[in-house]
file entry.txt (compact mmCIF, C-alpha atoms and all ligand atoms)
# COMPACT_ATOMS: atom_id res chain seq x y z
CA MET A 1 -20.37 65.00 -16.00
CA PRO A 2 -21.21 61.51 -14.61
CA LYS A 3 -24.34 61.45 -12.49
CA ARG A 4 -23.59 61.21 -8.75
CA LYS A 5 -24.66 57.79 -7.38
CA GLY A 6 -27.52 57.64 -4.84
CA ARG A 7 -27.16 56.91 -1.10
CA THR A 8 -28.35 53.29 -1.41
CA SER A 9 -25.82 52.61 -4.11
CA ARG A 10 -23.02 54.11 -1.99
CA ILE A 11 -24.04 52.03 1.05
CA ARG A 12 -24.21 48.88 -1.11
CA LYS A 13 -20.75 49.61 -2.53
CA ARG A 14 -19.30 50.19 0.95
CA LYS A 15 -20.83 46.94 2.19
CA LEU A 16 -19.48 45.04 -0.80
CA PHE A 17 -16.02 46.52 -0.20
CA ARG A 18 -16.17 45.55 3.47
CA THR A 19 -17.24 41.95 2.77
CA SER A 20 -14.68 41.52 -0.02
CA GLU A 21 -12.01 42.82 2.40
CA MET A 22 -13.02 40.10 4.89
CA ARG A 23 -13.43 37.37 2.30
CA GLY A 24 -11.14 34.39 2.49
CA VAL A 25 -8.95 33.13 -0.32
CA ASN A 26 -9.72 29.53 -1.20
CA GLU A 27 -6.79 27.22 -0.39
CA SER A 28 -8.40 23.88 -1.19
CA TYR A 29 -6.25 23.56 -4.34
CA ARG A 30 -3.06 23.34 -2.24
CA SER A 31 -1.42 19.93 -2.35
CA GLU A 32 -1.44 19.53 1.45
CA PHE A 33 -5.23 19.95 1.54
CA ILE A 34 -5.76 17.63 -1.44
CA GLU A 35 -3.74 14.96 0.37
CA LEU A 36 -5.58 15.58 3.64
CA LYS A 37 -8.98 15.30 1.93
CA LYS A 38 -7.93 11.96 0.33
CA TRP A 39 -6.76 10.69 3.71
CA LEU A 40 -10.02 11.77 5.37
CA LYS A 41 -12.09 10.18 2.59
CA ALA A 42 -10.30 6.87 3.16
CA ARG A 43 -11.43 7.20 6.79
CA LYS A 44 -15.04 7.75 5.73
CA PHE A 45 -15.17 11.53 5.99
CA GLU A 46 -16.21 13.76 3.13
CA ASP A 47 -16.87 17.43 3.61
CA THR A 48 -19.71 19.11 1.79
CA ASN A 49 -19.99 22.37 3.72
CA LEU A 50 -16.52 23.83 4.21
CA ILE A 51 -13.33 24.68 2.35
CA PRO A 52 -9.93 25.70 3.71
CA ALA A 53 -9.22 29.38 3.11
CA ARG A 54 -6.96 32.20 4.28
CA PHE A 55 -8.66 35.20 5.88
CA PRO A 56 -7.24 38.71 6.36
CA GLY A 57 -8.00 38.92 10.10
CA THR A 58 -7.65 35.36 11.36
CA GLY A 59 -5.26 33.61 8.96
CA ARG A 60 -5.99 30.05 7.87
CA GLY A 61 -9.48 28.81 8.64
CA LEU A 62 -12.56 27.23 7.12
CA MET A 63 -15.05 28.95 4.83
CA SER A 64 -18.64 27.93 4.13
CA LYS A 65 -19.15 26.46 0.67
CA ILE A 66 -22.91 26.94 0.95
CA SER A 67 -25.12 28.99 3.23
CA LEU A 68 -25.60 27.23 6.56
CA GLN A 69 -28.79 27.43 8.58
CA GLU A 70 -29.17 27.59 12.34
CA GLY A 71 -29.02 24.06 13.79
CA GLN A 72 -27.47 22.62 10.63
CA MET A 73 -24.54 20.23 10.96
CA ILE A 74 -21.34 22.07 10.04
CA ILE A 75 -19.04 19.09 10.32
CA SER A 76 -19.26 15.49 11.48
CA LEU A 77 -15.88 13.84 11.81
CA PRO A 78 -15.84 10.04 12.31
CA GLU A 79 -13.94 8.58 15.25
CA SER A 80 -11.55 6.88 12.83
CA CYS A 81 -10.15 10.34 12.00
CA LEU A 82 -9.56 11.36 15.63
CA LEU A 83 -6.16 11.09 17.27
CA THR A 84 -6.73 10.06 20.88
CA THR A 85 -4.89 8.12 23.55
CA HIS A 86 -6.60 5.03 22.04
CA THR A 87 -4.66 5.70 18.85
CA VAL A 88 -1.44 5.81 20.85
CA ILE A 89 -2.14 2.66 22.85
CA ARG A 90 -3.06 0.72 19.70
CA SER A 91 0.15 1.86 17.99
CA TYR A 92 3.75 0.57 18.21
CA LEU A 93 4.08 2.84 21.29
CA GLY A 94 1.36 0.91 23.14
CA PRO A 95 3.57 -1.74 24.80
CA TYR A 96 5.98 0.97 26.00
CA VAL A 97 3.19 3.14 27.40
CA THR A 98 1.56 0.16 29.13
CA LYS A 99 4.81 -1.02 30.67
CA TRP A 100 6.06 2.34 31.96
CA LYS A 101 5.69 3.09 35.68
CA PRO A 102 4.53 5.51 36.97
CA SER A 103 1.95 5.41 34.20
CA PRO A 104 2.35 8.20 31.63
CA SER A 105 -0.34 10.89 31.58
CA PRO A 106 -2.80 11.09 28.65
CA LEU A 107 -1.11 14.34 27.55
CA LEU A 108 2.33 12.72 27.58
CA ALA A 109 0.99 9.83 25.47
CA LEU A 110 -0.36 12.25 22.86
CA CYS A 111 2.80 14.40 22.78
CA THR A 112 5.01 11.32 22.47
CA PHE A 113 2.95 10.03 19.55
CA LEU A 114 3.12 13.39 17.75
CA VAL A 115 6.90 13.68 18.14
CA SER A 116 7.42 10.10 17.04
CA GLU A 117 5.13 10.36 14.00
CA LYS A 118 6.64 13.69 12.97
CA HIS A 119 10.04 12.04 13.11
CA ALA A 120 8.73 9.14 10.95
CA GLY A 121 8.05 11.65 8.13
CA ASP A 122 6.95 9.85 4.93
CA ARG A 123 6.52 6.60 6.86
CA SER A 124 3.84 8.04 9.13
CA LEU A 125 0.22 7.01 8.56
CA TRP A 126 -0.67 10.47 9.88
CA LYS A 127 1.52 12.33 7.41
CA PRO A 128 -1.30 14.23 5.63
CA TYR A 129 -2.45 15.58 8.98
CA LEU A 130 1.04 16.34 10.27
CA GLU A 131 1.74 18.27 7.07
CA ILE A 132 -1.00 20.80 7.74
CA LEU A 133 -0.03 21.42 11.36
CA PRO A 134 1.76 24.72 12.08
CA LYS A 135 5.55 24.41 12.05
CA SER A 136 5.77 26.84 14.96
CA TYR A 137 3.48 28.52 17.47
CA THR A 138 2.98 32.07 18.68
CA CYS A 139 2.09 31.19 22.29
CA PRO A 140 4.21 32.98 24.95
CA VAL A 141 5.61 29.59 26.04
CA CYS A 142 7.51 29.57 22.71
CA LEU A 143 8.85 33.12 23.02
CA GLU A 144 12.43 33.92 23.94
CA PRO A 145 12.79 35.06 27.60
CA GLU A 146 13.85 38.55 26.40
CA VAL A 147 10.55 38.88 24.55
CA VAL A 148 8.51 37.57 27.50
CA ASP A 149 10.25 40.25 29.56
CA LEU A 150 8.50 42.90 27.47
CA LEU A 151 5.00 41.62 28.30
CA PRO A 152 2.79 43.41 30.87
CA GLN A 153 3.54 42.16 34.39
CA PRO A 154 0.50 39.91 35.06
CA LEU A 155 0.82 38.24 31.65
CA LYS A 156 4.59 37.94 32.03
CA ALA A 157 4.15 36.15 35.37
CA LYS A 158 1.69 33.67 33.81
CA ALA A 159 3.94 33.12 30.79
CA ILE A 160 6.94 32.38 33.03
CA GLU A 161 4.85 29.99 35.13
CA GLN A 162 3.63 28.19 32.01
CA ARG A 163 7.14 27.86 30.60
CA ALA A 164 8.38 26.42 33.90
CA HIS A 165 5.50 23.95 33.87
CA VAL A 166 6.26 22.72 30.33
CA GLN A 167 10.01 22.51 31.05
CA GLU A 168 9.32 20.48 34.18
CA PHE A 169 6.91 18.24 32.26
CA PHE A 170 9.64 17.60 29.66
CA ALA A 171 12.35 16.97 32.26
CA SER A 172 10.16 14.51 34.17
CA SER A 173 9.35 12.61 30.95
CA ARG A 174 12.92 12.03 29.81
CA ASP A 175 13.29 8.59 31.36
CA PHE A 176 10.13 7.51 29.60
CA PHE A 177 11.50 8.82 26.28
CA CYS A 178 14.74 6.91 26.91
CA SER A 179 12.71 3.71 27.31
CA LEU A 180 11.59 4.15 23.67
CA GLN A 181 15.16 3.89 22.31
CA PRO A 182 14.63 0.33 20.92
CA LEU A 183 12.10 1.80 18.47
CA PHE A 184 14.59 4.20 16.87
CA VAL A 185 17.94 4.05 15.13
CA GLU A 186 18.85 7.65 16.04
CA ALA A 187 19.72 8.74 19.58
CA ILE A 188 16.51 9.35 21.54
CA ASP A 189 17.67 12.82 22.69
CA SER A 190 17.87 13.97 19.09
CA ILE A 191 14.25 12.92 18.43
CA PHE A 192 12.64 13.84 21.74
CA SER A 193 14.31 17.22 22.06
CA TYR A 194 12.73 20.04 24.08
CA ARG A 195 11.98 21.83 20.81
CA ALA A 196 10.08 18.82 19.39
CA PHE A 197 8.27 18.28 22.67
CA LEU A 198 7.23 21.94 22.90
CA TRP A 199 5.87 21.79 19.35
CA ALA A 200 3.80 18.70 20.27
CA TRP A 201 2.60 20.28 23.53
CA CYS A 202 1.46 23.42 21.69
CA THR A 203 -0.21 21.30 19.03
CA VAL A 204 -2.35 19.57 21.64
CA ASN A 205 -2.91 22.72 23.71
CA THR A 206 -4.02 24.93 20.82
CA ARG A 207 -5.91 22.38 18.71
CA ALA A 208 -7.41 19.56 20.77
CA VAL A 209 -11.15 19.17 21.15
CA TYR A 210 -12.78 18.00 24.36
CA LEU A 211 -14.08 14.46 24.77
CA ARG A 212 -15.95 13.00 27.71
CA PRO A 213 -13.29 11.61 30.15
CA ARG A 214 -12.36 8.02 29.43
CA LEU A 215 -10.48 5.67 31.72
CA GLN A 216 -7.41 3.84 30.40
CA LYS A 217 -5.81 1.54 32.92
CA CYS A 218 -2.33 2.04 31.54
CA LEU A 219 -2.45 5.85 31.85
CA SER A 220 -2.25 8.05 34.94
CA ALA A 221 -5.41 9.39 36.57
CA GLU A 222 -5.32 12.84 34.89
CA PRO A 223 -8.48 13.39 32.82
CA ASP A 224 -8.19 11.82 29.40
CA THR A 225 -10.29 14.36 27.51
CA CYS A 226 -8.20 15.55 24.55
CA ALA A 227 -8.51 14.49 20.94
CA LEU A 228 -6.90 15.93 17.86
CA ALA A 229 -9.48 16.33 15.14
CA PRO A 230 -7.86 16.71 11.71
CA TYR A 231 -9.49 19.30 9.45
CA LEU A 232 -12.09 20.26 12.07
CA ASP A 233 -9.19 21.84 13.93
CA LEU A 234 -8.88 24.41 11.16
CA LEU A 235 -11.86 26.25 12.63
CA ASN A 236 -10.87 29.57 14.19
CA HIS A 237 -12.32 31.17 17.29
CA SER A 238 -14.88 33.92 17.60
CA PRO A 239 -16.24 34.99 20.99
CA HIS A 240 -19.45 36.04 19.23
CA VAL A 241 -20.62 32.67 17.95
CA GLN A 242 -22.30 29.78 19.65
CA VAL A 243 -22.01 26.22 18.44
CA GLN A 244 -23.01 22.84 19.75
CA ALA A 245 -19.96 20.62 19.69
CA ALA A 246 -19.60 17.13 21.15
CA PHE A 247 -18.81 13.54 20.35
CA ASN A 248 -22.04 11.76 19.40
CA GLU A 249 -21.90 8.20 20.75
CA GLU A 250 -24.75 7.13 18.46
CA THR A 251 -23.17 8.23 15.20
CA GLY A 252 -19.61 7.64 16.44
CA SER A 253 -18.58 11.09 15.18
CA TYR A 254 -17.46 14.40 16.62
CA GLU A 255 -20.17 16.79 15.51
CA ILE A 256 -20.48 20.56 15.34
CA ARG A 257 -23.80 22.26 14.65
CA ALA A 258 -24.23 25.94 13.86
CA ALA A 259 -26.18 27.95 16.41
CA SER A 260 -26.43 30.86 13.98
CA ARG A 261 -26.61 31.29 10.21
CA TYR A 262 -23.64 31.56 7.86
CA ARG A 263 -23.72 33.05 4.39
CA LYS A 264 -21.95 31.30 1.54
CA HIS A 265 -18.20 32.07 1.53
CA GLU A 266 -18.16 33.41 5.08
CA GLU A 267 -15.56 32.28 7.60
CA VAL A 268 -17.09 29.66 9.91
CA TYR A 269 -16.05 29.98 13.53
CA ILE A 270 -16.42 28.04 16.70
CA CYS A 271 -16.03 29.41 20.22
CA TYR A 272 -13.09 28.02 22.21
CA GLY A 273 -14.71 29.29 25.39
CA PRO A 274 -15.53 32.61 27.12
CA HIS A 275 -11.83 33.50 27.36
CA ASP A 276 -10.36 36.94 27.95
CA ASN A 277 -7.44 38.04 25.76
CA GLN A 278 -4.75 37.08 28.31
CA ARG A 279 -6.04 33.51 28.34
CA LEU A 280 -6.36 33.44 24.53
CA LEU A 281 -2.77 34.60 24.16
CA LEU A 282 -1.40 32.18 26.76
CA GLU A 283 -3.28 29.12 25.54
CA TYR A 284 -3.75 29.80 21.82
CA GLY A 285 -1.23 32.48 20.85
CA PHE A 286 -3.62 35.19 19.64
CA VAL A 287 -5.94 37.90 20.93
CA SER A 288 -9.44 38.66 19.77
CA LEU A 289 -10.49 42.16 18.71
CA HIS A 290 -13.80 43.33 20.19
CA ASN A 291 -13.66 40.52 22.75
CA PRO A 292 -16.68 40.85 25.07
CA HIS A 293 -14.72 38.88 27.70
CA ALA A 294 -11.76 41.27 27.60
CA CYS A 295 -10.57 42.50 30.97
CA VAL A 296 -7.61 44.40 32.35
CA TYR A 297 -5.36 42.74 34.91
CA VAL A 298 -3.82 45.03 37.50
CA SER A 299 -0.96 44.12 39.77
CA ARG A 300 -1.53 43.96 43.51
CA GLY A 301 -0.75 47.29 45.15
CA TRP A 302 -1.83 49.31 42.11
CA SER A 303 -4.05 52.18 43.10
C1 LIG A 401 -7.61 25.18 16.27
S1 LIG A 401 -6.45 26.13 15.44
C2 LIG A 401 -7.40 26.90 14.19
C3 LIG A 401 -6.76 26.81 12.82
C4 LIG A 401 -5.48 27.57 12.61
N1 LIG A 401 -5.76 28.94 12.23
C5 LIG A 401 -4.60 26.93 11.55
O1 LIG A 401 -4.23 27.58 10.60
O2 LIG A 401 -4.26 25.76 11.72
C6 LIG A 401 -6.17 27.36 16.66
C7 LIG A 401 -5.18 28.41 16.25
O3 LIG A 401 -5.70 29.24 15.23
C8 LIG A 401 -5.37 30.60 15.43
N2 LIG A 401 -6.63 31.33 15.66
C9 LIG A 401 -7.83 30.83 16.02
N3 LIG A 401 -8.76 31.78 16.09
C10 LIG A 401 -8.16 32.93 15.76
C11 LIG A 401 -8.60 34.30 15.66
N4 LIG A 401 -9.84 34.64 15.90
N5 LIG A 401 -7.68 35.23 15.29
C12 LIG A 401 -6.40 34.89 15.05
N6 LIG A 401 -5.92 33.63 15.13
C13 LIG A 401 -6.79 32.66 15.47
C14 LIG A 401 -4.44 30.61 16.63
O4 LIG A 401 -3.12 30.55 16.18
C15 LIG A 401 -4.82 29.34 17.37
O5 LIG A 401 -3.77 28.83 18.15

call {"tool": "encode", "arguments": {"input": "entry.txt", "output": "structure tokens"}}
result
Amino acid sequence: MPKRKGRTSRIRKRKLFRTSEMRGVNESYRSEFIELKKWLKARKFEDTNLIPARFPGTGRGLMSKISLQEGQMIISLPESCLLTTHTVIRSYLGPYVTKWKPSPSPLLALCTFLVSEKHAGDRSLWKPYLEILPKSYTCPVCLEPEVVDLLPQPLKAKAIEQRAHVQEFFASSRDFFCSLQPLFVEAIDSIFSYRAFLWAWCTVNTRAVYLRPRLQKCLSAEPDTCALAPYLDLLNHSPHVQVQAAFNEETGSYEIRAASRYRKHEEVYICYGPHDNQRLLLEYGFVSLHNPHACVYVSRGWS
């Protein structure tokens, strides 16, 4: 009869099973990531710490290639890789943005660029980045009204409000889109459809990093603080981690430093903010298990 294993051995086995259950599957071999890495390298970024992987709980994310110490740089992405309103103004869209009155908002400039570049397909200089972006989003703003109807009342009210806001944003931008017709062979309505616009809006809303507000004369006065950060935006959220993240003016890069340690092959997280699950669902399309910021919303009049 085989000898029964000791307690330490059983605990070790259980731990091993738990970590292997949580372990990500390396996805760096996938053609879209190979292309993205080449594109980033041409823009002076090479990653030594992270690899794209798929995780059981959080889906696609980034995994540590080596163990990372507290305070160590996780990622430092040069400005040349960032997609900002500068990128838009310097592009073929620039003259149209500059000319349009009332001036387009920074968010409209970014969404317009995304829709236009997505439409350009193989011709887009941003193709390797566009290829790794989600094709669709799980945020309530993308759900059918019948599905939104099934949400708890306070969340449903917020979701309806958000959808109305995005629809109004789209409707009020249509004249600006029409002004771009000289750039395209196809009818503008077929390119700047509500579906395409919603995809771009969700891309910015769920993935943009924060930059210190900049002032661009040709844009409206809304804060210009969003940048899309290819590759870095594969980092998922955990409410339990702390990171230092900011654009470093001296190095000209967007930098993230670990505030805690990571073992080799662990998922590396950042914290999107101290958000409760309603906010996470509305803004990012997911909820976080064991969220210390979780709270229960009750409707007025509930006793
Ligand atoms: C900045 S992106 C992170 C990378 C993303 N997972 C991807 O595959 O492109 C933000 C999105 O990732 C997903 N996400 C981030 N953190 C998550 C988590 N803890 N659990 C589940 N999904 C998460 C959500 O869909 C969110 O909108």

call {"tool": "residues_around", "arguments": {"input": "entry.txt", "residues": "segment 61-66 of chain A", "least_positions_apart": "3", "cutoff": "8 Å", "atoms": "all atoms listed in the file", "output": "PyMOL selection string"}}
result
chain A and resi 24+48-55+58+234-236+262-269

call {"tool": "closest_atom_pairs", "arguments": {"input": "entry.txt", "of": "chain A", "to": "ligand LIG 401 (chain A)", "cutoff": "8 Å", "atoms": "only C-alpha atoms and all ligand atoms", "output": "JSON lines"}}
result
{"residue": "A:Gly57", "atom": "CA", "partner": "A:LIG401", "partner_atom": "N5", "distance": 6.4}
{"residue": "A:Thr58", "atom": "CA", "partner": "A:LIG401", "partner_atom": "C12", "distance": 3.9}
{"residue": "A:Gly59", "atom": "CA", "partner": "A:LIG401", "partner_atom": "N1", "distance": 5.7}
{"residue": "A:Arg60", "atom": "CA", "partner": "A:LIG401", "partner_atom": "O1", "distance": 4.1}
{"residue": "A:Gly61", "atom": "CA", "partner": "A:LIG401", "partner_atom": "N1", "distance": 5.2}
{"residue": "A:Ile132", "atom": "CA", "partner": "A:LIG401", "partner_atom": "O2", "distance": 7.1}
{"residue": "A:Leu133", "atom": "CA", "partner": "A:LIG401", "partner_atom": "O2", "distance": 6.1}
{"residue": "A:Pro134", "atom": "CA", "partner": "A:LIG401", "partner_atom": "O2", "distance": 6.1}
{"residue": "A:Tyr137", "atom": "CA", "partner": "A:LIG401", "partner_atom": "O4", "distance": 7.0}
{"residue": "A:Thr138", "atom": "CA", "partner": "A:LIG401", "partner_atom": "O4", "distance": 6.8}
{"residue": "A:Cys139", "atom": "CA", "partner": "A:LIG401", "partner_atom": "O5", "distance": 7.6}
{"residue": "A:Thr206", "atom": "CA", "partner": "A:LIG401", "partner_atom": "O5", "distance": 4.7}
{"residue": "A:Arg207", "atom": "CA", "partner": "A:LIG401", "partner_atom": "C1", "distance": 4.1}
{"residue": "A:Ala208", "atom": "CA", "partner": "A:LIG401", "partner_atom": "C1", "distance": 7.2}
{"residue": "A:Leu232", "atom": "CA", "partner": "A:LIG401", "partner_atom": "C1", "distance": 7.9}
{"residue": "A:Asp233", "atom": "CA", "partner": "A:LIG401", "partner_atom": "C1", "distance": 4.4}
{"residue": "A:Leu234", "atom": "CA", "partner": "A:LIG401", "partner_atom": "C3", "distance": 3.6}
{"residue": "A:Leu235", "atom": "CA", "partner": "A:LIG401", "partner_atom": "C2", "distance": 4.8}
{"residue": "A:Asn236", "atom": "CA", "partner": "A:LIG401", "partner_atom": "N3", "distance": 3.6}
{"residue": "A:His237", "atom": "CA", "partner": "A:LIG401", "partner_atom": "N3", "distance": 3.8}
{"residue": "A:Ser238", "atom": "CA", "partner": "A:LIG401", "partner_atom": "N4", "distance": 5.4}
{"residue": "A:Tyr269", "atom": "CA", "partner": "A:LIG401", "partner_atom": "N3", "distance": 7.9}
{"residue": "A:Glu283", "atom": "CA", "partner": "A:LIG401", "partner_atom": "O5", "distance": 7.4}
{"residue": "A:Tyr284", "atom": "CA", "partner": "A:LIG401", "partner_atom": "O5", "distance": 3.8}
{"residue": "A:Gly285", "atom": "CA", "partner": "A:LIG401", "partner_atom": "O5", "distance": 5.2}
{"residue": "A:Phe286", "atom": "CA", "partner": "A:LIG401", "partner_atom": "N6", "distance": 5.3}
{"residue": "A:Val287", "atom": "CA", "partner": "A:LIG401", "partner_atom": "N5", "distance": 6.5}
{"residue": "A:Ser288", "atom": "CA", "partner": "A:LIG401", "partner_atom": "N4", "distance": 5.6}

call {"tool": "residues_around", "arguments": {"input": "entry.txt", "residues": "segment 187-202 of chain A", "least_positions_apart": "4", "cutoff": "9 Å", "atoms": "only C-alpha atoms", "output": "ChimeraX atom specification"}}
result
/A:107-108,110-116,118-119,134-137,139,141-142,166-167,170-171,174,177-181,206-207,283-284

call {"tool": "atom_distance", "arguments": {"input": "entry.txt", "atom1": "atom CA of His293 of chain A", "atom2": "atom CA of Asp276 of chain A"}}
result
4.8 Å

call {"tool": "residues_around", "arguments": {"input": "entry.txt", "residues": "Leu155 of chain A", "least_positions_apart": "2", "cutoff": "12 Å", "atoms": "all atoms listed in the file", "output": "mmCIF file with C-alpha atoms, keeping the file's coordinate frame"}}
result
data_model
loop_
_atom_site.group_PDB
_atom_site.id
_atom_site.type_symbol
_atom_site.label_atom_id
_atom_site.label_comp_id
_atom_site.auth_asym_id
_atom_site.auth_seq_id
_atom_site.Cartn_x
_atom_site.Cartn_y
_atom_site.Cartn_z
ATOM 1 C CA CYS A 139 2.090 31.190 22.290
ATOM 2 C CA PRO A 140 4.210 32.980 24.950
ATOM 3 C CA VAL A 141 5.610 29.590 26.040
ATOM 4 C CA VAL A 148 8.510 37.570 27.500
ATOM 5 C CA ASP A 149 10.250 40.250 29.560
ATOM 6 C CA LEU A 150 8.500 42.900 27.470
ATOM 7 C CA LEU A 151 5.000 41.620 28.300
ATOM 8 C CA PRO A 152 2.790 43.410 30.870
ATOM 9 C CA GLN A 153 3.540 42.160 34.390
ATOM 10 C CA ALA A 157 4.150 36.150 35.370
ATOM 11 C CA LYS A 158 1.690 33.670 33.810
ATOM 12 C CA ALA A 159 3.940 33.120 30.790
ATOM 13 C CA ILE A 160 6.940 32.380 33.030
ATOM 14 C CA GLU A 161 4.850 29.990 35.130
ATOM 15 C CA GLN A 162 3.630 28.190 32.010
ATOM 16 C CA ASP A 276 -10.360 36.940 27.950
ATOM 17 C CA ASN A 277 -7.440 38.040 25.760
ATOM 18 C CA GLN A 278 -4.750 37.080 28.310
ATOM 19 C CA ARG A 279 -6.040 33.510 28.340
ATOM 20 C CA LEU A 280 -6.360 33.440 24.530
ATOM 21 C CA LEU A 281 -2.770 34.600 24.160
ATOM 22 C CA LEU A 282 -1.400 32.180 26.760
ATOM 23 C CA GLU A 283 -3.280 29.120 25.540
ATOM 24 C CA VAL A 296 -7.610 44.400 32.350
ATOM 25 C CA TYR A 297 -5.360 42.740 34.910
ATOM 26 C CA VAL A 298 -3.820 45.030 37.500
ATOM 27 C CA SER A 299 -0.960 44.120 39.770
#

call {"tool": "closest_residue", "arguments": {"input": "entry.txt", "among": "A:Thr84, A:Leu68, A:Asn291, A:Glu46", "to": "Leu228 of chain A", "atoms": "only C-alpha atoms"}}
result
A:Thr84

call {"tool": "atom_distance", "arguments": {"input": "entry.txt", "atom1": "atom CA of Arg214 of chain A", "atom2": "atom CA of Ser173 of chain A"}}
result
22.2 Å

call {"tool": "atom_distance", "arguments": {"input": "entry.txt", "atom1": "atom CA of Asp224 of chain A", "atom2": "atom CA of Leu82 of chain A"}}
result
13.8 Å

call {"tool": "closest_residue", "arguments": {"input": "entry.txt", "among": "A:Tyr231, A:Ser220, A:Glu70, A:Tyr210", "to": "Tyr272 of chain A", "atoms": "all atoms listed in the file"}}
result
A:Tyr210

call {"tool": "decode", "arguments": {"input": "entry.txt", "residues": "segment 211-238 of chain A", "atoms": "C-alpha atoms", "output": "JSON list (two decimals), in the first residue's frame"}}
result
[["chain", "number", "residue", "atom", "x", "y", "z"],
["A", 211, "LEU", "CA", -2.00, 62.35, -19.09],
["A", 212, "ARG", "CA", -1.55, 65.77, -17.53],
["A", 213, "PRO", "CA", -4.05, 68.14, -19.29],
["A", 214, "ARG", "CA", -2.61, 69.77, -22.38],
["A", 215, "LEU", "CA", -4.03, 72.75, -24.22],
["A", 216, "GLN", "CA", -4.62, 72.51, -27.97],
["A", 217, "LYS", "CA", -5.98, 75.67, -29.50],
["A", 218, "CYS", "CA", -7.93, 73.84, -32.17],
["A", 219, "LEU", "CA", -9.82, 71.64, -29.67],
["A", 220, "SER", "CA", -12.65, 72.54, -27.30],
["A", 221, "ALA", "CA", -11.93, 73.34, -23.66],
["A", 222, "GLU", "CA", -12.74, 69.85, -22.28],
["A", 223, "PRO", "CA", -9.69, 68.36, -20.54],
["A", 224, "ASP", "CA", -7.33, 66.74, -23.01],
["A", 225, "THR", "CA", -6.07, 63.97, -20.74],
["A", 226, "CYS", "CA", -6.53, 60.70, -22.63],
["A", 227, "ALA", "CA", -3.89, 58.69, -24.45],
["A", 228, "LEU", "CA", -4.08, 55.21, -25.89],
["A", 229, "ALA", "CA", -1.01, 53.26, -24.89],
["A", 230, "PRO", "CA", -0.52, 50.20, -27.12],
["A", 231, "TYR", "CA", 0.60, 47.06, -25.30],
["A", 232, "LEU", "CA", 0.58, 48.78, -21.90],
["A", 233, "ASP", "CA", -3.20, 48.78, -22.25],
["A", 234, "LEU", "CA", -3.16, 44.99, -21.99],
["A", 235, "LEU", "CA", -2.73, 45.32, -18.23],
["A", 236, "ASN", "CA", -5.83, 44.24, -16.33],
["A", 237, "HIS", "CA", -7.21, 45.76, -13.15],
["A", 238, "SER", "CA", -6.89, 44.56, -9.59]]
